[in-house]
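First comes the structure, then the notes that go with it.
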Amino acid sequence: MIPLQKLNQLPRSQKLRKAAKIVGEAERRLIVTPHPAAGSGRLLPGEAEYLGRLLELLAEDESFSPAQADALKSARAEIAANAADTKETRRALNTVSRLLLEETGRYQADWDFIEAGGALDPSKRRAFAGMQVYLEDIRSPFNVGSMFRAAESFGAEKVWLSPLCADPRHKRAQRTAMGCVEVIPWQRLSHDPFTGTLEALPFPGGPLFALETGGIPLGNFPFPPQGLLIAGSEELGVSPRSLAAADASLGRVSIPAYGAKGSLNVSVAFGIVMQAWAAQLTRPPNGV
């Protein structure tokens, strides 16, 4: 840990960046790399006191707004009072880290967020037999990872990928998937499956339906016990061939929107539809 006197002698922008790094490393240590001498998920010996003095020093910086200075003082008090409480300490550190980054003109990207690590236990998965999804030409690794996470969370049995879909093993996809790529079965196809007949499709039995505009509103859609949900490109949506196949089967499901934009990020929309599908599959037959 850098001596605070030395830290305070640095130019302000450099001091804040280093302070943000110190605070961020402390937060990360609570989750993924606990120090053996400190016990699992705890700060290093003496670190709470060091962080308290660091925040006290930062709060004296008159360039911070009153709200920012109050946030630093509040975080210092939280750490002092809850040094043994990992959750509350982490929340305080997270607030400070974000505040310092924003003050230097930087903002956290998705891959900067810290979440609890550890491998997922495949034996805890609950999958619905026959609930499968096809990701068609999703170009963003972030979206692919997020869609894997939603598919796993809502019980998809398998994920199919088009030939041009982003790689779920890409580090950015892995970051948003949070281990789900390793526990949910998936397969990349070598060619467009919708160039032939419906009977020649590689997917299991059950109807096809597409997540696309102009379809049946989500609340009225008759989700099947088994079937394949097609989600298409961020820019172009589901391809005409895939849409034709879906229209010849169960059709399209659409999410009603009421804002000026009228559309959602594909991974957000996919998560909404997957939750609705899972909810229908788990609803009692009598609807109660």
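The chains in the structure tokens are called A, B, ... from first to last as shown; in each chain the residues are counted from 1, and the ligands are counted from 1 in the order shown.
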All alpha helix (DSSP H) positions in region 101-277 of chain A, as a PDB file with N, CA and C atoms, in the first residue's frame:
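Below you can see states_26.pdb, which holds the result:
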```pdb
ATOM      1  N   LEU A 101     -13.468   7.246 -10.196  1.00  0.00           N
ATOM      2  CA  LEU A 101     -13.325   7.052 -11.641  1.00  0.00           C
ATOM      3  C   LEU A 101     -14.084   8.127 -12.408  1.00  0.00           C
ATOM      4  N   GLU A 102     -15.296   8.408 -11.998  1.00  0.00           N
ATOM      5  CA  GLU A 102     -16.095   9.417 -12.678  1.00  0.00           C
ATOM      6  C   GLU A 102     -15.455  10.801 -12.554  1.00  0.00           C
ATOM      7  N   GLU A 103     -14.821  11.076 -11.425  1.00  0.00           N
ATOM      8  CA  GLU A 103     -14.169  12.377 -11.221  1.00  0.00           C
ATOM      9  C   GLU A 103     -13.000  12.566 -12.186  1.00  0.00           C
ATOM     10  N   PRO A 141     -19.939  -9.826 -28.537  1.00  0.00           N
ATOM     11  CA  PRO A 141     -19.644 -10.822 -27.501  1.00  0.00           C
ATOM     12  C   PRO A 141     -20.364 -10.531 -26.189  1.00  0.00           C
ATOM     13  N   PHE A 142     -20.532  -9.252 -25.864  1.00  0.00           N
ATOM     14  CA  PHE A 142     -21.248  -8.899 -24.638  1.00  0.00           C
ATOM     15  C   PHE A 142     -22.678  -9.435 -24.693  1.00  0.00           C
ATOM     16  N   ASN A 143     -23.347  -9.240 -25.838  1.00  0.00           N
ATOM     17  CA  ASN A 143     -24.714  -9.720 -25.975  1.00  0.00           C
ATOM     18  C   ASN A 143     -24.784 -11.244 -25.934  1.00  0.00           C
ATOM     19  N   VAL A 144     -23.844 -11.908 -26.596  1.00  0.00           N
ATOM     20  CA  VAL A 144     -23.831 -13.367 -26.581  1.00  0.00           C
ATOM     21  C   VAL A 144     -23.683 -13.875 -25.148  1.00  0.00           C
ATOM     22  N   GLY A 145     -22.742 -13.304 -24.402  1.00  0.00           N
ATOM     23  CA  GLY A 145     -22.554 -13.719 -23.017  1.00  0.00           C
ATOM     24  C   GLY A 145     -23.790 -13.478 -22.176  1.00  0.00           C
ATOM     25  N   SER A 146     -24.413 -12.326 -22.363  1.00  0.00           N
ATOM     26  CA  SER A 146     -25.618 -11.999 -21.607  1.00  0.00           C
ATOM     27  C   SER A 146     -26.759 -12.948 -21.958  1.00  0.00           C
ATOM     28  N   MET A 147     -26.848 -13.321 -23.225  1.00  0.00           N
ATOM     29  CA  MET A 147     -27.915 -14.229 -23.652  1.00  0.00           C
ATOM     30  C   MET A 147     -27.681 -15.643 -23.147  1.00  0.00           C
ATOM     31  N   PHE A 148     -26.429 -16.051 -23.064  1.00  0.00           N
ATOM     32  CA  PHE A 148     -26.121 -17.340 -22.439  1.00  0.00           C
ATOM     33  C   PHE A 148     -26.547 -17.315 -20.976  1.00  0.00           C
ATOM     34  N   ARG A 149     -26.284 -16.215 -20.316  1.00  0.00           N
ATOM     35  CA  ARG A 149     -26.643 -16.114 -18.895  1.00  0.00           C
ATOM     36  C   ARG A 149     -28.154 -16.185 -18.712  1.00  0.00           C
ATOM     37  N   ALA A 150     -28.904 -15.490 -19.580  1.00  0.00           N
ATOM     38  CA  ALA A 150     -30.363 -15.537 -19.495  1.00  0.00           C
ATOM     39  C   ALA A 150     -30.882 -16.921 -19.843  1.00  0.00           C
ATOM     40  N   ALA A 151     -30.304 -17.537 -20.881  1.00  0.00           N
ATOM     41  CA  ALA A 151     -30.743 -18.881 -21.281  1.00  0.00           C
ATOM     42  C   ALA A 151     -30.540 -19.873 -20.148  1.00  0.00           C
ATOM     43  N   GLU A 152     -29.396 -19.804 -19.490  1.00  0.00           N
ATOM     44  CA  GLU A 152     -29.115 -20.715 -18.380  1.00  0.00           C
ATOM     45  C   GLU A 152     -30.025 -20.420 -17.193  1.00  0.00           C
ATOM     46  N   SER A 153     -30.214 -19.149 -16.898  1.00  0.00           N
ATOM     47  CA  SER A 153     -31.005 -18.766 -15.729  1.00  0.00           C
ATOM     48  C   SER A 153     -32.459 -19.196 -15.854  1.00  0.00           C
ATOM     49  N   LYS A 171     -13.369 -13.459 -24.466  1.00  0.00           N
ATOM     50  CA  LYS A 171     -13.246 -13.028 -23.062  1.00  0.00           C
ATOM     51  C   LYS A 171     -14.362 -12.082 -22.645  1.00  0.00           C
ATOM     52  N   ARG A 172     -14.858 -11.270 -23.575  1.00  0.00           N
ATOM     53  CA  ARG A 172     -15.937 -10.353 -23.203  1.00  0.00           C
ATOM     54  C   ARG A 172     -17.258 -11.107 -23.057  1.00  0.00           C
ATOM     55  N   ALA A 173     -17.461 -12.118 -23.876  1.00  0.00           N
ATOM     56  CA  ALA A 173     -18.651 -12.954 -23.710  1.00  0.00           C
ATOM     57  C   ALA A 173     -18.579 -13.723 -22.395  1.00  0.00           C
ATOM     58  N   GLN A 174     -17.405 -14.236 -22.084  1.00  0.00           N
ATOM     59  CA  GLN A 174     -17.218 -14.968 -20.828  1.00  0.00           C
ATOM     60  C   GLN A 174     -17.492 -14.060 -19.637  1.00  0.00           C
ATOM     61  N   ARG A 175     -17.114 -12.782 -19.778  1.00  0.00           N
ATOM     62  CA  ARG A 175     -17.303 -11.852 -18.661  1.00  0.00           C
ATOM     63  C   ARG A 175     -18.781 -11.645 -18.350  1.00  0.00           C
ATOM     64  N   THR A 176     -19.608 -11.490 -19.395  1.00  0.00           N
ATOM     65  CA  THR A 176     -21.034 -11.264 -19.134  1.00  0.00           C
ATOM     66  C   THR A 176     -21.782 -12.570 -18.889  1.00  0.00           C
ATOM     67  N   ALA A 177     -21.250 -13.687 -19.394  1.00  0.00           N
ATOM     68  CA  ALA A 177     -21.916 -14.975 -19.171  1.00  0.00           C
ATOM     69  C   ALA A 177     -21.718 -15.478 -17.748  1.00  0.00           C
ATOM     70  N   CYS A 180     -21.741 -19.309 -17.383  1.00  0.00           N
ATOM     71  CA  CYS A 180     -22.851 -20.061 -17.966  1.00  0.00           C
ATOM     72  C   CYS A 180     -22.461 -20.788 -19.249  1.00  0.00           C
ATOM     73  N   VAL A 181     -21.437 -20.304 -19.955  1.00  0.00           N
ATOM     74  CA  VAL A 181     -20.994 -20.975 -21.179  1.00  0.00           C
ATOM     75  C   VAL A 181     -20.503 -22.384 -20.861  1.00  0.00           C
ATOM     76  N   GLU A 182     -19.978 -22.571 -19.653  1.00  0.00           N
ATOM     77  CA  GLU A 182     -19.416 -23.868 -19.270  1.00  0.00           C
ATOM     78  C   GLU A 182     -20.475 -24.862 -18.801  1.00  0.00           C
ATOM     79  N   VAL A 183     -21.662 -24.403 -18.445  1.00  0.00           N
ATOM     80  CA  VAL A 183     -22.637 -25.324 -17.859  1.00  0.00           C
ATOM     81  C   VAL A 183     -23.843 -25.600 -18.748  1.00  0.00           C
ATOM     82  N   PRO A 240     -34.729 -13.075 -43.067  1.00  0.00           N
ATOM     83  CA  PRO A 240     -35.979 -13.425 -43.763  1.00  0.00           C
ATOM     84  C   PRO A 240     -36.228 -14.927 -43.824  1.00  0.00           C
ATOM     85  N   ARG A 241     -35.184 -15.731 -44.054  1.00  0.00           N
ATOM     86  CA  ARG A 241     -35.387 -17.185 -44.130  1.00  0.00           C
ATOM     87  C   ARG A 241     -35.842 -17.749 -42.785  1.00  0.00           C
ATOM     88  N   SER A 242     -35.213 -17.273 -41.712  1.00  0.00           N
ATOM     89  CA  SER A 242     -35.599 -17.762 -40.382  1.00  0.00           C
ATOM     90  C   SER A 242     -36.999 -17.292 -40.012  1.00  0.00           C
ATOM     91  N   LEU A 243     -37.326 -16.049 -40.390  1.00  0.00           N
ATOM     92  CA  LEU A 243     -38.665 -15.544 -40.115  1.00  0.00           C
ATOM     93  C   LEU A 243     -39.721 -16.348 -40.863  1.00  0.00           C
ATOM     94  N   ALA A 244     -39.412 -16.699 -42.107  1.00  0.00           N
ATOM     95  CA  ALA A 244     -40.366 -17.488 -42.883  1.00  0.00           C
ATOM     96  C   ALA A 244     -40.617 -18.837 -42.213  1.00  0.00           C
ATOM     97  N   ALA A 245     -39.553 -19.440 -41.691  1.00  0.00           N
ATOM     98  CA  ALA A 245     -39.701 -20.722 -40.998  1.00  0.00           C
ATOM     99  C   ALA A 245     -40.536 -20.555 -39.737  1.00  0.00           C
ATOM    100  N   ALA A 246     -40.283 -19.477 -38.979  1.00  0.00           N
ATOM    101  CA  ALA A 246     -41.055 -19.229 -37.759  1.00  0.00           C
ATOM    102  C   ALA A 246     -42.518 -18.950 -38.090  1.00  0.00           C
ATOM    103  N   ASP A 247     -42.743 -18.134 -39.139  1.00  0.00           N
ATOM    104  CA  ASP A 247     -44.124 -17.802 -39.515  1.00  0.00           C
ATOM    105  C   ASP A 247     -44.900 -19.033 -39.978  1.00  0.00           C
ATOM    106  N   VAL A 266     -30.991  -6.452 -27.784  1.00  0.00           N
ATOM    107  CA  VAL A 266     -31.414  -7.827 -28.072  1.00  0.00           C
ATOM    108  C   VAL A 266     -31.258  -8.741 -26.865  1.00  0.00           C
ATOM    109  N   SER A 267     -30.212  -8.551 -26.066  1.00  0.00           N
ATOM    110  CA  SER A 267     -30.037  -9.433 -24.915  1.00  0.00           C
ATOM    111  C   SER A 267     -31.076  -9.145 -23.833  1.00  0.00           C
ATOM    112  N   VAL A 268     -31.490  -7.879 -23.707  1.00  0.00           N
ATOM    113  CA  VAL A 268     -32.535  -7.519 -22.750  1.00  0.00           C
ATOM    114  C   VAL A 268     -33.866  -8.132 -23.190  1.00  0.00           C
ATOM    115  N   ALA A 269     -34.197  -7.948 -24.481  1.00  0.00           N
ATOM    116  CA  ALA A 269     -35.442  -8.507 -25.004  1.00  0.00           C
ATOM    117  C   ALA A 269     -35.457 -10.032 -24.880  1.00  0.00           C
ATOM    118  N   PHE A 270     -34.322 -10.653 -25.165  1.00  0.00           N
ATOM    119  CA  PHE A 270     -34.215 -12.107 -25.064  1.00  0.00           C
ATOM    120  C   PHE A 270     -34.481 -12.564 -23.633  1.00  0.00           C
ATOM    121  N   GLY A 271     -33.914 -11.877 -22.663  1.00  0.00           N
ATOM    122  CA  GLY A 271     -34.128 -12.234 -21.261  1.00  0.00           C
ATOM    123  C   GLY A 271     -35.585 -12.115 -20.853  1.00  0.00           C
ATOM    124  N   ILE A 272     -36.250 -11.075 -21.347  1.00  0.00           N
ATOM    125  CA  ILE A 272     -37.670 -10.891 -21.018  1.00  0.00           C
ATOM    126  C   ILE A 272     -38.501 -12.047 -21.562  1.00  0.00           C
ATOM    127  N   VAL A 273     -38.233 -12.430 -22.803  1.00  0.00           N
ATOM    128  CA  VAL A 273     -39.001 -13.512 -23.422  1.00  0.00           C
ATOM    129  C   VAL A 273     -38.694 -14.856 -22.756  1.00  0.00           C
ATOM    130  N   MET A 274     -37.420 -15.082 -22.414  1.00  0.00           N
ATOM    131  CA  MET A 274     -37.074 -16.344 -21.761  1.00  0.00           C
ATOM    132  C   MET A 274     -37.766 -16.468 -20.405  1.00  0.00           C
ATOM    133  N   GLN A 275     -37.840 -15.378 -19.674  1.00  0.00           N
ATOM    134  CA  GLN A 275     -38.521 -15.424 -18.376  1.00  0.00           C
ATOM    135  C   GLN A 275     -40.007 -15.717 -18.555  1.00  0.00           C
ATOM    136  N   ALA A 276     -40.611 -15.104 -19.572  1.00  0.00           N
ATOM    137  CA  ALA A 276     -42.036 -15.339 -19.811  1.00  0.00           C
ATOM    138  C   ALA A 276     -42.282 -16.789 -20.220  1.00  0.00           C
ATOM    139  N   TRP A 277     -41.389 -17.350 -21.024  1.00  0.00           N
ATOM    140  CA  TRP A 277     -41.524 -18.747 -21.447  1.00  0.00           C
ATOM    141  C   TRP A 277     -41.409 -19.681 -20.236  1.00  0.00           C
TER     142      TRP A 277
END
```
Query raised in the report: Any idea what's packed within 7 Å of region 249-260 of chain A, counting only C-alpha atoms, ignoring anything in its chain fewer than 4 positions away? Could you give it as a PyMOL selection string?
Result: chain A and resi 207-218+221+245
Selection file, C-alpha atoms, as a tab-separated table (two decimals), in the first residue's frame:
```tsv
chain	number	residue	atom	x	y	z
A	207	PRO	CA	-42.52	-25.51	-33.07
A	208	LEU	CA	-40.30	-22.58	-34.03
A	209	PHE	CA	-40.94	-18.99	-33.06
A	210	ALA	CA	-38.98	-15.77	-33.51
A	211	LEU	CA	-38.37	-12.79	-31.26
A	212	GLU	CA	-39.28	-10.01	-33.67
A	213	THR	CA	-41.48	-6.97	-34.09
A	214	GLY	CA	-44.95	-7.27	-35.59
A	215	GLY	CA	-45.82	-10.48	-33.78
A	216	ILE	CA	-48.12	-11.64	-31.01
A	217	PRO	CA	-47.74	-9.50	-27.86
A	218	LEU	CA	-45.73	-11.23	-25.15
A	221	PHE	CA	-48.15	-15.59	-26.85
A	245	ALA	CA	-39.70	-20.72	-41.00
```
Report task. From a DSSP pass on the backbone, collect the residues of region 44-283 of chain A flagged as strand (DSSP E or B) and hand them back as JSON, numbers by chain. Result -> {"A": [131, 132, 133, 134, 135, 158, 159, 160, 161, 186, 187, 188, 208, 209, 210, 211, 212, 213, 214, 215, 216, 217, 227, 228, 229, 230, 231, 233, 237, 251, 252, 253, 254]}
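Here CA of Arg76 (chain A) and CA of Gly105 (chain A) stand 22.9 Å from one another.
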Query raised in the report: Nearest to Leu228 (chain A) among A:Leu135, A:Leu30, A:Ile184, A:Ala69, with distances taken over only C-alpha atoms: which residue is it?
Result: A:Leu135
Query raised in the report: CA of Asn220 (chain A) and CA of Phe128 (chain A), how far apart in Å?
Result: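 A separation of 20.8 Å between them.
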Query raised in the report: Interatomic distance between CA of Leu44 (chain A) and CA of Lys87 (chain A)?
Result: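 Separating CA of Leu44 (chain A) from CA of Lys87 (chain A) is a distance of 15.7 Å.
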Query - 9 Å contact set for region 54-62 of chain A, only C-alpha atoms, chain neighbours under 6 positions out, as a PyMOL selection string - result: chain A and resi 4+8+16+19+68-73+75-76+96
Write out, as a CSV table (one decimal), in the first residue's frame, the residues just selected, with N, CA and C atoms.
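Produced file result_39.csv, reproduced below:
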```csv
chain,number,residue,atom,x,y,z
A,4,LEU,N,0.4,7.2,2.4
A,4,LEU,CA,-0.6,8.3,2.0
A,4,LEU,C,0.1,9.6,1.8
A,8,ASN,N,-0.5,11.8,-1.5
A,8,ASN,CA,-1.0,13.1,-1.5
A,8,ASN,C,-0.2,14.1,-2.2
A,16,LEU,N,-6.1,10.6,-7.8
A,16,LEU,CA,-7.4,10.0,-7.8
A,16,LEU,C,-7.4,8.6,-8.5
A,19,ALA,N,-5.9,6.2,-6.2
A,19,ALA,CA,-6.8,5.9,-5.1
A,19,ALA,C,-7.9,5.0,-5.5
A,68,GLN,N,-20.2,14.7,-3.1
A,68,GLN,CA,-19.1,13.8,-3.2
A,68,GLN,C,-18.4,13.7,-1.9
A,69,ALA,N,-18.1,14.8,-1.3
A,69,ALA,CA,-17.4,14.8,0.0
A,69,ALA,C,-18.2,14.1,1.0
A,70,ASP,N,-19.5,14.3,1.0
A,70,ASP,CA,-20.3,13.6,2.0
A,70,ASP,C,-20.3,12.0,1.7
A,71,ALA,N,-20.3,11.7,0.4
A,71,ALA,CA,-20.2,10.2,0.1
A,71,ALA,C,-18.9,9.6,0.6
A,72,LEU,N,-17.8,10.3,0.5
A,72,LEU,CA,-16.5,9.8,0.9
A,72,LEU,C,-16.5,9.7,2.5
A,73,LYS,N,-17.1,10.6,3.1
A,73,LYS,CA,-17.2,10.6,4.6
A,73,LYS,C,-18.1,9.4,5.1
A,75,ALA,N,-18.7,6.7,3.4
A,75,ALA,CA,-18.1,5.4,3.1
A,75,ALA,C,-17.0,5.1,4.2
A,76,ARG,N,-16.3,6.2,4.6
A,76,ARG,CA,-15.3,6.0,5.7
A,76,ARG,C,-16.0,5.5,6.9
A,96,VAL,N,-17.1,4.4,-3.6
A,96,VAL,CA,-15.9,5.3,-3.7
A,96,VAL,C,-15.2,5.1,-5.0
```
